[in-house]
file target-v9.txt (compact mmCIF, C-alpha atoms)
# COMPACT_ATOMS: atom_id res chain seq x y z
CA MET G 37 48.32 117.41 44.20
CA ARG G 38 49.19 116.62 47.82
CA ARG G 39 47.30 118.68 50.33
CA ARG G 40 48.48 120.28 53.50
CA SER G 41 46.75 118.82 56.53
CA LYS G 42 43.66 120.73 57.66
CA ALA G 43 41.60 118.42 59.83
CA ALA G 44 44.43 117.32 62.12
CA ALA G 45 44.22 120.40 64.33
CA SER G 46 41.62 118.70 66.50
CA VAL G 47 44.05 116.02 67.57
CA LEU G 48 46.33 118.57 69.23
CA ALA G 49 44.19 119.08 72.36
CA VAL G 50 46.22 118.29 75.48
CA ALA G 51 45.48 118.33 79.18
CA ALA G 52 45.63 121.81 80.69
CA MET G 53 47.43 120.99 83.91
CA VAL G 54 51.19 120.47 84.18
CA GLY G 55 51.93 117.00 85.52
CA ALA G 56 55.00 114.95 86.15
CA LEU G 57 56.47 115.55 82.74
CA GLY G 58 55.54 119.20 82.55
CA GLY G 59 57.54 119.91 85.67
CA ALA G 60 60.57 118.05 84.42
CA CYS G 61 61.42 120.35 81.54
CA THR G 62 63.51 123.05 83.22
CA GLY G 63 66.79 122.16 81.54
CA ASP G 64 68.53 121.00 84.73
CA ASP G 65 71.02 118.36 83.51
CA GLU G 66 71.30 116.74 86.95
CA ARG G 67 67.69 115.68 87.25
CA GLU G 68 66.46 112.18 86.48
CA PRO G 69 65.91 111.70 82.71
CA VAL G 70 62.34 112.46 81.71
CA GLY G 71 60.26 109.33 81.32
CA ALA G 72 63.20 107.01 81.98
CA MET G 73 61.23 104.89 84.42
CA ARG G 74 57.56 105.65 83.81
CA ALA G 75 55.12 107.07 81.30
CA ALA G 76 53.59 110.51 81.60
CA SER G 77 50.31 110.78 83.47
CA THR G 78 49.35 114.31 82.41
CA LEU G 79 50.65 116.93 80.02
CA GLY G 80 51.24 120.62 80.22
CA PRO G 81 51.69 123.33 77.59
CA GLY G 82 54.22 122.84 74.85
CA GLU G 83 57.78 123.89 75.55
CA GLY G 84 58.23 125.67 72.21
CA ALA G 85 60.68 123.23 70.65
CA LEU G 86 60.93 119.65 69.45
CA ASN G 87 64.15 117.82 68.58
CA LEU G 88 63.70 114.67 66.47
CA VAL G 89 66.02 112.03 65.01
CA THR G 90 65.04 110.30 61.78
CA LEU G 91 66.23 108.55 58.68
CA PRO G 92 65.90 110.48 55.40
CA GLY G 93 62.34 111.20 54.25
CA GLU G 94 60.58 110.51 57.55
CA VAL G 95 59.74 114.18 58.19
CA GLU G 96 59.01 116.68 55.43
CA ALA G 97 58.80 120.46 55.83
CA GLY G 98 58.46 121.48 52.19
CA GLY G 99 62.19 121.48 51.50
CA THR G 100 62.02 118.67 48.96
CA ASP G 101 58.64 119.61 47.52
CA PRO G 102 56.74 122.70 48.75
CA ARG G 103 53.48 120.75 48.48
CA VAL G 104 54.73 118.13 50.95
CA ASP G 105 54.85 119.67 54.39
CA TRP G 106 53.42 118.27 57.59
CA VAL G 107 55.83 120.21 59.82
CA THR G 108 54.84 123.84 59.19
CA PRO G 109 51.13 123.34 60.07
CA PHE G 110 52.21 121.53 63.24
CA GLN G 111 54.47 124.40 64.27
CA GLU G 112 51.76 126.97 63.55
CA ARG G 113 49.18 125.13 65.66
CA THR G 114 51.37 124.19 68.60
CA GLY G 115 54.21 126.71 68.79
CA CYS G 116 56.64 123.77 68.91
CA LYS G 117 59.51 124.52 66.52
CA VAL G 118 60.73 121.28 64.96
CA SER G 119 64.41 120.48 64.49
CA VAL G 120 65.43 117.24 62.78
CA LYS G 121 68.75 115.45 63.12
CA GLY G 122 69.19 113.12 60.17
CA ALA G 123 70.86 109.74 60.54
CA ARG G 124 72.46 107.93 57.61
CA ASN G 125 71.36 104.46 58.65
CA ALA G 126 69.80 102.41 61.42
CA GLN G 127 73.08 102.02 63.28
CA GLU G 128 73.66 105.77 63.48
CA LEU G 129 70.03 106.25 64.51
CA THR G 130 70.59 103.88 67.42
CA GLU G 131 73.86 105.52 68.41
CA LEU G 132 72.36 109.01 68.45
CA MET G 133 69.46 108.00 70.66
CA SER G 134 71.59 105.91 73.01
CA ASN G 135 74.17 108.66 73.54
CA LYS G 136 73.63 109.65 77.18
CA SER G 137 74.88 113.18 76.52
CA ARG G 138 72.14 113.82 73.93
CA GLN G 139 68.60 114.82 74.83
CA TYR G 140 66.53 114.14 71.73
CA ASP G 141 62.78 114.21 72.23
CA GLY G 142 61.82 111.48 69.80
CA VAL G 143 62.83 109.11 67.05
CA ALA G 144 61.11 107.45 64.10
CA ALA G 145 62.41 103.95 64.77
CA PRO G 146 62.43 100.95 62.44
CA PRO G 147 62.27 97.51 64.11
CA GLU G 148 66.04 96.92 64.22
CA VAL G 149 66.37 100.16 66.20
CA ALA G 150 63.29 100.03 68.43
CA GLY G 151 64.21 96.86 70.29
CA ARG G 152 67.73 98.04 71.07
CA LEU G 153 66.49 101.37 72.39
CA ILE G 154 63.98 99.66 74.67
CA GLU G 155 66.61 97.24 75.92
CA GLY G 156 69.05 100.07 76.56
CA ARG G 157 66.40 102.14 78.38
CA ASP G 158 66.97 104.94 75.88
CA VAL G 159 63.27 105.49 75.23
CA ALA G 160 60.44 106.19 77.64
CA PRO G 161 57.13 104.37 77.89
CA VAL G 162 54.22 106.08 76.16
CA ASN G 163 50.87 106.75 77.79
CA PRO G 164 48.42 105.92 74.96
CA ASN G 165 45.65 107.75 76.81
CA LEU G 166 47.47 111.00 76.10
CA VAL G 167 47.64 110.32 72.36
CA GLU G 168 44.31 111.23 70.81
CA GLY G 169 43.73 108.96 67.82
CA TYR G 170 45.89 106.13 69.18
CA LYS G 171 42.98 103.69 69.29
CA ARG G 172 42.24 104.36 65.62
CA LEU G 173 45.59 102.89 64.63
CA GLN G 174 45.64 99.27 63.50
CA PRO G 175 45.38 96.99 66.58
CA ARG G 176 47.97 94.59 65.19
CA LEU G 177 50.50 97.40 64.92
CA ARG G 178 49.72 98.73 68.38
CA SER G 179 50.63 95.35 69.85
CA LEU G 180 54.14 95.28 68.43
CA LEU G 181 55.94 97.64 70.82
CA LYS G 182 54.65 96.43 74.16
CA LYS G 183 56.91 95.10 76.88
CA ASP G 184 55.99 94.31 80.48
CA ASP G 185 52.54 95.82 79.90
CA LYS G 186 54.08 99.11 78.80
CA VAL G 187 53.74 100.76 75.39
CA TYR G 188 56.99 102.04 73.88
CA GLY G 189 55.93 103.51 70.57
CA VAL G 190 53.12 104.92 68.44
CA PRO G 191 52.82 103.24 65.00
CA TYR G 192 53.70 105.53 62.09
CA VAL G 193 53.88 103.46 58.89
CA TRP G 194 54.29 99.83 57.90
CA GLY G 195 54.94 97.52 55.00
CA SER G 196 55.55 93.89 54.06
CA ASN G 197 58.24 92.03 52.14
CA LEU G 198 57.04 90.50 48.90
CA LEU G 199 58.38 88.56 45.96
CA MET G 200 58.26 90.33 42.61
CA TYR G 201 59.07 88.88 39.23
CA ASP G 202 59.31 89.98 35.61
CA THR G 203 56.54 88.11 33.80
CA ARG G 204 58.58 88.06 30.58
CA ALA G 205 61.63 86.49 32.19
CA VAL G 206 59.99 83.97 34.53
CA GLU G 207 57.91 81.23 32.95
CA SER G 208 56.23 79.86 36.08
CA ALA G 209 55.10 82.32 38.71
CA PRO G 210 57.12 81.86 41.94
CA SER G 211 55.11 81.16 45.06
CA SER G 212 57.63 81.00 47.89
CA TRP G 213 60.96 82.35 49.15
CA ALA G 214 62.57 79.35 47.45
CA ALA G 215 62.56 81.42 44.25
CA LEU G 216 65.31 83.51 45.80
CA PHE G 217 67.01 81.28 48.32
CA ASP G 218 66.87 77.76 46.90
CA PRO G 219 70.26 77.35 45.15
CA ALA G 220 68.82 75.57 42.11
CA GLN G 221 66.03 78.09 41.60
CA ALA G 222 68.34 81.07 42.17
CA ALA G 223 70.71 79.72 39.52
CA LYS G 224 67.91 79.82 36.92
CA HIS G 225 68.05 83.62 37.02
CA SER G 226 71.70 84.06 37.92
CA GLY G 227 72.78 87.67 37.87
CA ARG G 228 69.19 88.88 37.87
CA LEU G 229 68.18 88.63 41.54
CA VAL G 230 67.69 91.73 43.69
CA ILE G 231 67.70 91.50 47.50
CA ARG G 232 67.23 94.11 50.19
CA ASP G 233 70.56 95.05 51.78
CA SER G 234 69.67 94.57 55.44
CA PRO G 235 70.60 92.06 58.14
CA LEU G 236 66.86 91.56 58.65
CA THR G 237 66.74 89.87 55.23
CA ILE G 238 68.17 86.89 57.08
CA ALA G 239 64.59 86.29 58.27
CA GLU G 240 63.32 85.66 54.73
CA ALA G 241 66.05 83.07 54.20
CA ALA G 242 65.10 81.58 57.57
CA LEU G 243 61.51 81.20 56.38
CA TYR G 244 62.75 79.32 53.34
CA LEU G 245 64.77 77.01 55.59
CA ARG G 246 61.83 76.57 57.96
CA SER G 247 59.96 74.89 55.12
CA LYS G 248 62.98 73.20 53.56
CA ASN G 249 64.58 71.71 56.67
CA ARG G 250 62.11 71.10 59.47
CA LYS G 251 64.82 69.49 61.59
CA LEU G 252 66.18 72.96 62.26
CA LYS G 253 62.94 73.69 64.16
CA ILE G 254 62.82 77.36 63.17
CA SER G 255 59.77 78.98 64.68
CA ASP G 256 60.28 82.75 64.75
CA PRO G 257 62.51 83.78 61.80
CA TYR G 258 63.75 86.76 63.85
CA SER G 259 64.84 84.55 66.76
CA LEU G 260 67.56 82.17 65.57
CA THR G 261 69.97 80.04 67.54
CA ARG G 262 73.61 79.97 66.53
CA ARG G 263 73.08 76.69 64.70
CA GLN G 264 70.06 78.02 62.82
CA LEU G 265 71.83 81.26 61.88
CA ASP G 266 74.85 79.34 60.59
CA GLU G 267 72.62 77.31 58.29
CA VAL G 268 70.94 80.45 56.99
CA ILE G 269 74.32 82.02 56.24
CA LYS G 270 75.29 79.00 54.18
CA ILE G 271 72.24 79.64 52.02
CA LEU G 272 73.11 83.32 51.61
CA VAL G 273 76.70 82.52 50.66
CA ARG G 274 75.49 80.12 47.96
CA GLN G 275 73.00 82.70 46.73
CA ARG G 276 75.49 85.56 46.45
CA PRO G 277 76.95 84.75 42.98
CA HIS G 278 73.44 84.99 41.51
CA VAL G 279 72.56 88.40 43.01
CA LYS G 280 72.58 91.41 40.72
CA GLU G 281 72.13 93.95 43.48
CA TYR G 282 71.59 94.25 47.19
CA TRP G 283 69.37 97.31 47.26
CA GLU G 284 69.38 99.90 50.00
CA LEU G 285 67.17 102.56 48.43
CA PRO G 286 63.75 101.41 47.15
CA ALA G 287 64.39 103.28 43.89
CA ASP G 288 67.36 101.00 43.17
CA ALA G 289 65.10 97.96 42.95
CA VAL G 290 62.67 99.91 40.77
CA SER G 291 65.48 100.78 38.37
CA ALA G 292 66.72 97.20 38.19
CA PHE G 293 63.30 95.90 37.12
CA ALA G 294 62.39 98.88 34.95
CA GLY G 295 65.56 98.42 32.91
CA GLY G 296 64.98 94.70 32.46
CA GLY G 297 68.05 93.75 34.47
CA ALA G 298 66.16 91.95 37.23
CA ALA G 299 64.01 88.84 37.02
CA VAL G 300 63.09 88.04 40.64
CA GLY G 301 63.44 90.15 43.75
CA GLN G 302 62.57 90.81 47.34
CA VAL G 303 60.63 94.09 47.40
CA TRP G 304 58.02 96.15 49.19
CA PRO G 305 54.53 96.98 47.89
CA TYR G 306 56.03 100.32 46.84
CA GLN G 307 58.07 98.83 44.00
CA VAL G 308 55.18 96.67 42.82
CA ASP G 309 52.85 99.69 42.81
CA VAL G 310 55.25 102.05 41.03
CA LEU G 311 56.21 99.58 38.31
CA THR G 312 52.66 98.36 37.77
CA ARG G 313 51.37 101.90 37.34
CA ALA G 314 54.21 102.54 34.90
CA GLY G 315 53.02 99.61 32.78
CA LYS G 316 56.03 97.39 33.46
CA PRO G 317 55.52 93.59 33.20
CA VAL G 318 55.92 92.73 36.88
CA GLN G 319 53.81 90.82 39.36
CA GLY G 320 53.92 90.88 43.15
CA VAL G 321 53.51 87.67 45.15
CA VAL G 322 52.73 87.04 48.81
CA PRO G 323 55.07 84.12 49.55
CA ASP G 324 53.77 80.81 50.80
CA GLY G 325 55.31 79.77 54.08
CA GLY G 326 55.17 83.22 55.64
CA VAL G 327 55.28 86.88 54.74
CA THR G 328 57.45 89.20 56.80
CA GLY G 329 56.89 92.87 57.48
CA TRP G 330 58.13 95.93 59.31
CA MET G 331 56.74 98.89 61.20
CA LYS G 332 58.22 102.27 61.98
CA ALA G 333 57.05 103.95 65.13
CA TRP G 334 57.58 107.23 66.93
CA MET G 335 59.26 106.73 70.29
CA ILE G 336 59.92 109.21 73.10
CA GLY G 337 63.54 109.72 74.13
CA ALA G 338 64.34 108.81 77.74
CA ARG G 339 66.13 112.14 78.14
CA ALA G 340 63.55 114.25 76.28
CA GLN G 341 63.66 117.96 77.06
CA HIS G 342 60.33 118.76 75.41
CA PRO G 343 57.97 115.87 76.25
CA ASN G 344 54.77 117.91 75.92
CA CYS G 345 55.66 118.96 72.38
CA MET G 346 56.59 115.33 71.69
CA TYR G 347 53.16 114.12 72.77
CA GLN G 348 51.58 116.72 70.52
CA TRP G 349 53.75 115.38 67.69
CA LEU G 350 52.57 111.83 68.41
CA GLN G 351 48.98 112.98 68.09
CA TRP G 352 49.69 114.99 64.95
CA THR G 353 51.44 112.18 63.09
CA ALA G 354 48.71 109.70 64.03
CA SER G 355 45.99 111.89 62.50
CA PRO G 356 44.49 110.70 59.18
CA ASP G 357 45.43 113.80 57.18
CA VAL G 358 49.08 113.62 58.17
CA GLN G 359 49.08 109.86 57.67
CA GLN G 360 47.77 110.46 54.15
CA GLN G 361 50.66 112.78 53.35
CA VAL G 362 53.30 110.47 54.80
CA ALA G 363 51.95 107.39 53.01
CA GLU G 364 51.61 109.08 49.65
CA TRP G 365 55.02 110.76 49.81
CA SER G 366 56.98 107.78 51.14
CA GLY G 367 55.15 104.91 49.43
CA VAL G 368 54.25 103.10 52.63
CA ALA G 369 51.08 101.93 54.34
CA PRO G 370 49.69 104.35 56.93
CA ALA G 371 49.16 103.01 60.44
CA ASN G 372 45.82 104.81 60.60
CA PRO G 373 43.34 103.21 58.16
CA GLN G 374 41.27 106.40 58.25
CA ALA G 375 43.84 107.81 55.84
CA CYS G 376 41.93 105.78 53.26
CA THR G 377 38.58 107.39 54.00
CA GLY G 378 36.97 110.43 52.43
CA ASP G 379 39.00 112.11 49.71
CA ARG G 380 42.40 111.28 51.16
CA LEU G 381 44.30 108.34 49.65
CA ARG G 382 43.20 106.78 46.37
CA ALA G 383 41.37 103.47 46.63
CA ALA G 384 43.93 101.88 44.31
CA PHE G 385 46.74 102.95 46.64
CA CYS G 386 44.99 101.60 49.72
CA ASN G 387 44.31 98.27 48.02
CA ALA G 388 47.89 97.93 46.77
CA TYR G 389 49.29 98.53 50.25
CA ARG G 390 46.56 96.49 52.02
CA VAL G 391 45.92 99.37 54.40
CA SER G 392 42.64 98.10 55.83
CA ASP G 393 43.16 94.37 55.31
CA ARG G 394 43.20 93.12 58.91
CA ASP G 395 43.24 89.47 57.83
CA TYR G 396 46.45 90.11 55.92
CA LEU G 397 47.94 92.08 58.81
CA GLU G 398 47.35 89.18 61.17
CA LYS G 399 49.37 86.90 58.87
CA VAL G 400 52.38 89.19 58.61
CA ILE G 401 55.39 88.17 60.71
CA PHE G 402 56.57 91.60 61.80
CA ALA G 403 60.25 92.18 62.33
CA HIS G 404 61.68 92.71 65.78
CA THR G 405 65.24 93.19 66.92
CA PRO G 406 66.99 89.80 67.19
CA SER G 407 67.92 89.22 70.82
CA ARG G 408 69.93 86.70 72.84
CA GLU G 409 66.90 85.96 74.96
CA CYS G 410 64.34 84.02 72.99
CA GLY G 411 62.47 81.77 75.39
CA ALA G 412 62.28 78.02 75.63
CA GLY G 413 63.49 75.65 72.94
CA ASP G 414 64.22 72.02 72.19
CA GLU G 415 66.86 70.09 74.10
CA ASP G 416 69.52 70.63 71.42
CA ASP G 417 69.43 74.41 71.85
CA SER G 418 68.48 74.77 75.52
CA ASP G 419 70.49 74.93 78.71
CA MET G 420 69.78 72.76 81.75
CA ASN G 421 66.98 75.12 82.79
CA GLY G 422 65.23 74.90 79.44
CA ARG G 423 66.28 78.39 78.32
CA ARG G 424 67.36 78.89 74.74
CA ASP G 425 70.09 81.31 73.69
CA CYS G 426 69.62 83.04 70.37
CA THR G 427 71.75 85.37 68.29
CA ASP G 428 71.42 89.12 68.64
CA TYR G 429 71.37 91.90 66.06
CA THR G 430 75.13 92.46 66.29
CA GLU G 431 75.68 88.82 65.32
CA TRP G 432 73.15 89.15 62.50
CA THR G 433 74.96 92.21 61.19
CA LYS G 434 78.32 90.44 61.20
CA ALA G 435 76.79 87.41 59.53
CA TRP G 436 75.12 89.51 56.83
CA ILE G 437 78.37 91.29 56.00
CA GLN G 438 80.20 87.98 55.93
CA ALA G 439 77.67 86.43 53.56
CA THR G 440 77.08 89.32 51.16
CA LYS G 441 80.11 91.60 51.22
CA SER G 442 83.27 89.91 52.44

call {"tool": "encode", "arguments": {"input": "target-v9.txt", "output": "structure tokens"}}
result
Amino acid sequence: MRRRSKAAASVLAVAAMVGALGGACTGDDEREPVGAMRAASTLGPGEGALNLVTLPGEVEAGGTDPRVDWVTPFQERTGCKVSVKGARNAQELTELMSNKSRQYDGVAAPPEVAGRLIEGRDVAPVNPNLVEGYKRLQPRLRSLLKKDDKVYGVPYVWGSNLLMYDTRAVESAPSSWAALFDPAQAAKHSGRLVIRDSPLTIAEAALYLRSKNRKLKISDPYSLTRRQLDEVIKILVRQRPHVKEYWELPADAVSAFAGGGAAVGQVWPYQVDVLTRAGKPVQGVVPDGGVTGWMKAWMIGARAQHPNCMYQWLQWTASPDVQQQVAEWSGVAPANPQACTGDRLRAAFCNAYRVSDRDYLEKVIFAHTPSRECGAGDEDDSDMNGRRDCTDYTEWTKAWIQATKS
């Protein structure tokens, strides 16, 4: 049975004096947006409310399962009443937070959202010194949302993208992304491939091409020039006839394998764990040539009306007891490895999700928002000043739709 958090109360201590942020919460719409230019230096008492934006399942208050509730204890301890605005997808999440007329306090942002919000100045820098427990979060994850020496998010959960195959249907265990993206190998299991329905899946195909065609000089699979992206799209177009399903919900991939309709797929540790525990003949594989991953983080809205409550929320969600609940409910790896200590998460769960495996974490190529600016490159892709132009997330989205849906 999942337990309500008990030990996390200690992480809710905040500074007693009202500082820059505390004085900026009067509701005057004409003032400068809270945190738009700088991080908080001190905190004051909570404002009594907290308005969050999330995708489904990121915040649970007992509505789905009365045993799963990390909101009610937070409200009881802080007096901050939580309201959640749900977004259908990453695009809507971005639009809600970037709407200048909205004043949301925080967002649980996946990588394709986080970068755009930072670029658009729609989130405020975070002062890690005001987030008790921040230093207990995995160092690798803490490094992902830094820009110009500023921190823009507190890690929440993470995961990696794996290969999974049905051991009855696949004779030789696949070892690389070629099992999905090489045209000849994909054809072997035509109609039985499952792929995540996300523009960021382009990165996995880019890793395949990085090994297959070194002349393309792909370095970062999330930073692709126009020429590199065009070559990746060709691969995806050739793969499409062999794909059974582009999955959006993790349960869809589980169903495809559980019913015997899938042979090879791109999945998360969640699907491997669920199917393995159910006794299904599947095996997860960390691909040669690079394993990609993702992190969701809590970010503070640039126009936040309740920043003190938001900082208390950052501390609450970073605590090991809350991290245990989130990980177990959502099937993700907690950002705080202490969630795997004591009587919290099962050892088998922590091993399956590689929660405390820092060597593995260092190898993961974590997703970031594709951007036009991507540094120096070779002479074929660079301008006269040595700068290289890459493709941004909007271009990736159009390319993904073109390759998989049009």

call {"tool": "closest_residue", "arguments": {"input": "target-v9.txt", "among": "G:Asn387, G:Ala439, G:Pro370, G:Ala214", "to": "Leu177 in chain G", "atoms": "all atoms listed in the file"}}
result
G:Pro370

call {"tool": "closest_atom_pairs", "arguments": {"input": "target-v9.txt", "of": "range 325-365 of chain G", "to": "range 250-266 of chain G", "cutoff": "12 Å", "atoms": "all atoms listed in the file", "output": "CSV"}}
result
residue,atom,partner,partner_atom,distance
G:Gly325,CA,G:Pro257,CA,11.3
G:Gly326,CA,G:Pro257,CA,9.6
G:Val327,CA,G:Pro257,CA,10.6
G:Thr328,CA,G:Pro257,CA,8.9
G:Gly329,CA,G:Tyr258,CA,11.2
G:Trp330,CA,G:Tyr258,CA,11.7

call {"tool": "atom_distance", "arguments": {"input": "target-v9.txt", "atom1": "CA of Met200 in chain G", "atom2": "CA of Gln302 in chain G"}}
result
6.4 Å

call {"tool": "closest_residue", "arguments": {"input": "target-v9.txt", "among": "G:His342, G:Lys186, G:Lys316, G:Arg390", "to": "Asp202 in chain G", "atoms": "only C-alpha atoms"}}
result
G:Lys316

call {"tool": "atom_distance", "arguments": {"input": "target-v9.txt", "atom1": "CA of Gly115 in chain G", "atom2": "CA of Lys136 in chain G"}}
result
27.2 Å

call {"tool": "atom_distance", "arguments": {"input": "target-v9.txt", "atom1": "CA of Phe110 in chain G", "atom2": "CA of Arg382 in chain G"}}
result
24.2 Å

call {"tool": "closest_residue", "arguments": {"input": "target-v9.txt", "among": "G:Cys345, G:Thr430, G:Glu240, G:Val321", "to": "Gln111 in chain G", "atoms": "all atoms listed in the file"}}
result
G:Cys345

call {"tool": "residues_near_point", "arguments": {"input": "target-v9.txt", "point": "(66.2, 110.8, 65.1)", "cutoff": "8 Å", "atoms": "all atoms listed in the file", "output": "JSON, numbers by chain"}}
result
{"G": [88, 89, 90, 91, 120, 121, 122, 123, 129, 132, 133, 140, 142, 143, 144, 145]}

call {"tool": "residues_near_point", "arguments": {"input": "target-v9.txt", "point": "(60.8, 85.2, 28.5)", "cutoff": "12 Å", "atoms": "only C-alpha atoms", "output": "count of residues only"}}
result
12

call {"tool": "closest_residue", "arguments": {"input": "target-v9.txt", "among": "G:Asp324, G:Asp218, G:Glu398, G:Asp428", "to": "Leu199 in chain G", "atoms": "only C-alpha atoms"}}
result
G:Asp324

call {"tool": "residues_around", "arguments": {"input": "target-v9.txt", "residues": "Asn197 in chain G", "least_positions_apart": "3", "cutoff": "12 Å", "atoms": "all atoms listed in the file", "output": "MDAnalysis selection string"}}
result
chainID G and resid 194 200 212:213 231:232 236:237 239:240 286 301:308 320:323 326:331 368 389 400:403

call {"tool": "closest_residue", "arguments": {"input": "target-v9.txt", "among": "G:Ser179, G:Trp106, G:Arg157, G:Asn372", "to": "Glu94 in chain G", "atoms": "all atoms listed in the file"}}
result
G:Trp106
